[in-house]
>>> print(open('upload-v2.cif').read())   # mmCIF, C-alpha atoms
data_target
#
loop_
_atom_site.label_atom_id
_atom_site.label_comp_id
_atom_site.auth_asym_id
_atom_site.auth_seq_id
_atom_site.Cartn_x
_atom_site.Cartn_y
_atom_site.Cartn_z
CA MET A 1 -34.16 -14.72 22.56
CA PHE A 2 -35.76 -11.40 21.62
CA SER A 3 -34.35 -8.16 23.02
CA ARG A 4 -35.79 -4.69 22.57
CA LEU A 5 -32.85 -3.77 20.33
CA GLY A 6 -33.44 -6.90 18.30
CA VAL A 7 -37.10 -6.09 17.96
CA GLY A 8 -36.25 -2.60 16.74
CA LEU A 9 -33.89 -3.99 14.12
CA LEU A 10 -36.51 -6.46 12.96
CA ALA A 11 -39.06 -3.67 12.59
CA VAL A 12 -36.61 -1.59 10.54
CA ALA A 13 -35.86 -4.63 8.40
CA SER A 14 -39.57 -5.08 7.77
CA LEU A 15 -39.87 -1.47 6.65
CA ALA A 16 -36.79 -1.83 4.45
CA ALA A 17 -38.41 -4.82 2.75
CA LEU A 18 -41.25 -2.50 1.77
CA ALA A 19 -38.82 0.13 0.46
CA VAL A 20 -40.12 2.87 2.77
CA PRO A 21 -38.24 4.86 5.43
CA ALA A 22 -38.47 3.65 9.03
CA GLY A 23 -41.21 5.46 10.90
CA ALA A 24 -43.18 6.32 7.78
CA GLY A 25 -46.95 6.24 8.05
CA THR A 26 -49.28 6.29 5.08
CA LYS A 27 -51.72 9.16 4.61
CA ARG A 28 -54.15 6.76 2.91
CA PRO A 29 -54.70 3.82 5.27
CA VAL A 30 -57.90 2.63 3.60
CA ARG A 31 -58.59 2.62 -0.12
CA TRP A 32 -61.94 1.01 -0.70
CA ASN A 33 -61.44 -0.92 -3.96
CA THR A 34 -64.70 -2.17 -5.49
CA GLY A 35 -64.45 -3.47 -9.03
CA GLY A 36 -62.58 -0.76 -10.92
CA ALA A 37 -63.52 2.04 -8.53
CA VAL A 38 -61.40 3.25 -5.62
CA TRP A 39 -62.55 5.52 -2.78
CA THR A 40 -59.91 6.77 -0.37
CA THR A 41 -60.33 7.56 3.32
CA THR A 42 -57.30 9.53 4.49
CA SER A 43 -55.56 9.44 7.85
CA LYS A 44 -56.83 13.01 8.37
CA ASP A 45 -60.43 11.79 7.97
CA PHE A 46 -59.87 9.01 10.49
CA LYS A 47 -58.16 11.31 13.00
CA ALA A 48 -61.10 13.73 12.89
CA PHE A 49 -63.51 10.85 13.46
CA PHE A 50 -61.47 9.39 16.32
CA LYS A 51 -61.15 12.76 18.04
CA SER A 52 -64.67 14.15 17.76
CA GLY A 53 -66.84 11.60 15.94
CA GLU A 54 -66.93 13.91 12.93
CA ILE A 55 -67.39 12.08 9.60
CA ASN A 56 -66.08 14.06 6.64
CA ASP A 57 -65.73 11.27 4.13
CA ARG A 58 -68.43 9.42 2.22
CA ALA A 59 -66.48 6.16 2.07
CA LEU A 60 -65.87 6.23 5.82
CA ASP A 61 -69.57 6.86 6.41
CA ALA A 62 -70.40 3.84 4.26
CA GLY A 63 -67.78 1.72 6.02
CA ILE A 64 -69.28 2.56 9.39
CA SER A 65 -72.82 1.89 8.16
CA ASN A 66 -71.72 -1.53 6.89
CA SER A 67 -69.70 -2.45 9.99
CA GLY A 68 -72.49 -3.83 12.17
CA TRP A 69 -71.69 -1.22 14.83
CA THR A 70 -72.80 2.34 15.50
CA ALA A 71 -70.42 5.20 14.77
CA GLU A 72 -69.94 5.73 18.51
CA GLU A 73 -69.06 2.04 19.01
CA ILE A 74 -66.51 2.13 16.18
CA GLN A 75 -64.99 5.34 17.54
CA GLU A 76 -64.70 3.88 21.04
CA GLY A 77 -63.52 0.47 19.86
CA MET A 78 -60.80 1.80 17.56
CA THR A 79 -59.36 4.20 20.15
CA LYS A 80 -59.40 1.77 23.08
CA THR A 81 -55.88 0.87 24.20
CA TYR A 82 -54.52 -2.52 25.27
CA ALA A 83 -51.39 -3.08 27.35
CA VAL A 84 -48.77 -5.24 25.62
CA ASP A 85 -45.08 -6.07 25.85
CA ILE A 86 -43.21 -5.49 22.59
CA ILE A 87 -41.14 -8.62 23.20
CA GLY A 88 -44.27 -10.77 23.45
CA VAL A 89 -45.85 -9.08 20.43
CA SER A 90 -42.75 -9.63 18.30
CA ARG A 91 -42.26 -13.18 19.50
CA PHE A 92 -45.80 -14.02 18.46
CA LEU A 93 -45.81 -12.18 15.11
CA TYR A 94 -42.52 -13.74 14.00
CA SER A 95 -43.55 -17.25 15.03
CA ASN A 96 -45.12 -19.74 12.63
CA ASP A 97 -48.47 -19.24 14.34
CA GLY A 98 -48.04 -15.47 14.08
CA VAL A 99 -47.30 -15.54 10.36
CA LYS A 100 -50.34 -17.76 9.84
CA PHE A 101 -52.39 -15.28 11.88
CA LEU A 102 -51.19 -12.31 9.80
CA LYS A 103 -51.95 -14.09 6.53
CA ASP A 104 -55.44 -14.87 7.78
CA GLN A 105 -55.92 -11.28 8.92
CA THR A 106 -55.06 -9.83 5.50
CA ARG A 107 -57.60 -11.78 3.48
CA SER A 108 -58.91 -8.73 1.59
CA TYR A 109 -56.98 -5.88 3.22
CA PHE A 110 -53.38 -5.52 2.11
CA PRO A 111 -50.87 -3.08 0.59
CA TYR A 112 -52.39 -1.23 -2.35
CA TRP A 113 -49.59 -1.72 -4.85
CA THR A 114 -47.78 -4.92 -3.86
CA MET A 115 -50.88 -6.63 -2.48
CA THR A 116 -50.57 -10.00 -0.72
CA PRO A 117 -46.81 -10.70 -1.17
CA THR A 118 -46.01 -8.00 1.41
CA SER A 119 -49.19 -8.10 3.50
CA VAL A 120 -47.61 -10.00 6.42
CA VAL A 121 -44.56 -7.73 6.57
CA ALA A 122 -46.60 -4.52 6.33
CA LEU A 123 -49.19 -5.37 8.98
CA ARG A 124 -46.58 -6.85 11.31
CA SER A 125 -44.39 -3.72 11.11
CA ALA A 126 -47.40 -1.50 11.95
CA ILE A 127 -48.39 -3.60 14.98
CA ILE A 128 -44.83 -3.74 16.33
CA ALA A 129 -44.31 -0.01 15.80
CA ASP A 130 -47.49 0.77 17.73
CA SER A 131 -46.49 -1.56 20.58
CA ILE A 132 -43.19 0.20 21.35
CA ASP A 133 -44.76 2.34 24.10
CA GLY A 134 -46.41 -0.67 25.76
CA GLU A 135 -49.89 -0.06 24.37
CA ILE A 136 -51.68 -0.76 21.13
CA SER A 137 -54.98 0.33 19.62
CA SER A 138 -56.71 0.01 16.27
CA ALA A 139 -56.13 3.71 15.61
CA GLY A 140 -52.47 3.36 16.53
CA ILE A 141 -51.91 0.36 14.27
CA MET A 142 -53.63 2.16 11.40
CA ALA A 143 -51.44 5.23 11.93
CA GLU A 144 -48.30 3.07 11.68
CA LEU A 145 -49.20 1.36 8.39
CA PRO A 146 -46.09 1.93 6.26
CA VAL A 147 -47.90 2.00 2.90
CA ASP A 148 -51.38 2.54 1.46
CA PHE A 149 -53.72 -0.38 2.14
CA ARG A 150 -56.72 -1.37 0.06
CA LEU A 151 -59.86 -3.29 0.96
CA ALA A 152 -60.34 -5.28 -2.22
CA ASP A 153 -63.66 -6.47 -3.63
CA THR A 154 -62.67 -7.12 -7.21
CA CYS A 155 -64.92 -9.26 -9.37
CA GLY A 156 -64.45 -12.56 -7.58
CA THR A 157 -60.67 -12.40 -7.04
CA TYR A 158 -61.16 -10.82 -3.62
CA ASP A 159 -64.52 -10.55 -1.90
CA GLY A 160 -63.97 -7.54 0.35
CA THR A 161 -64.48 -9.50 3.57
CA GLN A 162 -62.07 -9.77 6.47
CA ASN A 163 -61.57 -12.64 8.90
CA VAL A 164 -62.41 -10.99 12.21
CA CYS A 165 -60.01 -12.55 14.71
CA ALA A 166 -62.66 -13.16 17.40
CA PRO A 167 -65.50 -14.92 15.54
CA ASN A 168 -67.08 -16.05 18.81
CA HIS A 169 -67.51 -12.46 19.93
CA CYS A 170 -68.99 -10.83 16.83
CA GLU A 171 -72.66 -11.00 15.88
CA GLY A 172 -74.00 -11.12 12.34
CA ASP A 173 -72.30 -11.04 8.96
CA ALA A 174 -71.36 -7.35 9.08
CA GLN A 175 -69.60 -7.50 12.46
CA CYS A 176 -67.83 -10.73 11.53
CA THR A 177 -66.55 -9.68 8.09
CA SER A 178 -66.34 -5.87 7.78
CA LEU A 179 -63.07 -3.96 7.81
CA LEU A 180 -63.87 -1.57 10.65
CA SER A 181 -65.15 -4.40 12.85
CA TRP A 182 -61.94 -6.28 12.06
CA TYR A 183 -59.99 -3.26 13.26
CA VAL A 184 -62.02 -3.10 16.49
CA PHE A 185 -61.10 -6.68 17.44
CA LEU A 186 -57.48 -6.80 16.18
CA PRO A 187 -55.58 -5.27 19.16
CA ALA A 188 -57.40 -7.45 21.70
CA CYS A 189 -56.39 -10.56 19.74
CA ILE A 190 -52.79 -9.36 19.57
CA GLN A 191 -52.79 -8.79 23.32
CA ALA A 192 -54.21 -12.25 24.02
CA ASN A 193 -51.67 -13.99 21.78
CA SER A 194 -48.60 -12.10 23.00
CA VAL A 195 -48.74 -12.69 26.74
CA LEU A 196 -45.28 -13.67 27.96
CA PRO A 197 -44.95 -16.73 30.21
CA GLU A 198 -44.47 -16.07 33.89
CA PRO A 199 -40.82 -16.44 34.93
CA ALA A 200 -40.07 -19.64 36.77
CA ALA A 201 -40.17 -19.26 40.54
CA ARG A 202 -36.79 -19.22 42.21
CA PRO A 203 -36.22 -22.15 44.57
CA ALA A 204 -36.46 -21.23 48.20
CA TYR A 205 -33.12 -20.59 49.85
CA VAL A 206 -32.11 -23.32 52.30
CA ALA A 207 -29.26 -22.47 54.65
CA PRO A 208 -26.54 -25.10 54.76
CA ALA A 209 -26.51 -27.28 57.86
CA ARG A 210 -24.08 -26.11 60.50
CA PRO A 211 -21.55 -28.72 61.61
CA LEU A 212 -21.78 -30.00 65.14
CA TRP A 213 -18.08 -29.38 65.90
#
>>> encode(input="upload-v2.cif", output="structure tokens")
Amino acid sequence: MFSRLGVGLLAVASLAALAVPAGAGTKRPVRWNTGGAVWTTTSKDFKAFFKSGEINDRALDAGISNSGWTAEEIQEGMTKTYAVDIIGVSRFLYSNDGVKFLKDQTRSYFPYWTMTPTSVVALRSAIIADSIDGEISSAGIMAELPVDFRLADTCGTYDGTQNVCAPNHCEGDAQCTSLLSWYVFLPACIQANSVLPEPAARPAYVAPARPLW
């Protein structure tokens, strides 16, 4: 059984596996890796965009243009919050289905240096860290990434596309494969997969029969 203390210890263990201090958040959550070139969008650039819609970074501008959504839709979608229970989130992400989900969700987006061997651990630790207060959002998950992440499109090895977790709800290639669209859908999928079962109803109390004597 998961407890909140147990969940906290698991999150710390995940961060330890990445050799970073607990609570650390990368300043470079997206490094757009195309061929041999790398463009970096910093957490500062994203925060400015989330707060006011201001776009100060060329790579972010291109990412929005290629997302299949308007800038306003990306801003709204990535800052929207979803109510979750950290126990349910952790139970799902540590299950076999959850690990499979995390592997699928890091098709081309994973830690910059260690790449796919630590992709599950890194994304899982960010999601759990963001869920501690009972809410998650794309912006919150991004802020909790423990290391730099890259979106890799590297000469056939990786194709730069992401598996958007709600393929029945996206429209067109850009919405169904782009990184920022993937971010928009991610917290809703986590919420849907982490709902805890309703506790069993207690049997109705029946008073014992009184004796006749």
>>> atom_distance(input="upload-v2.cif", atom1="atom CA of Gly25 of chain A", atom2="atom CA of Glu144 of chain A")
5.0 Å
>>> resolve_selection(input="upload-v2.cif", expression="the PyMOL selection byres ((chain A and resi 163) around 12)", output="PyMOL selection string")
chain A and resi 101-109+159-162+164-168+170+173-183+185-186
>>> atom_distance(input="upload-v2.cif", atom1="atom CA of Ser65 of chain A", atom2="atom CA of Ser119 of chain A")
26.1 Å
>>> atom_distance(input="upload-v2.cif", atom1="atom CA of Gly53 of chain A", atom2="atom CA of Glu72 of chain A")
7.1 Å
>>> resolve_selection(input="upload-v2.cif", expression="the PyMOL selection byres ((chain A and resi 134) around 8)", output="MDAnalysis selection string")
chainID A and resid 83:86 131:133 135:136
>>> resolve_selection(input="upload-v2.cif", expression="the PyMOL selection byres ((chain A and resi 33) around 7)", output="list in words")
Arg31, Trp32, Thr34, Gly35, Ala37, Val38, Trp39, Arg150, Leu151, Ala152 and Asp153 of chain A
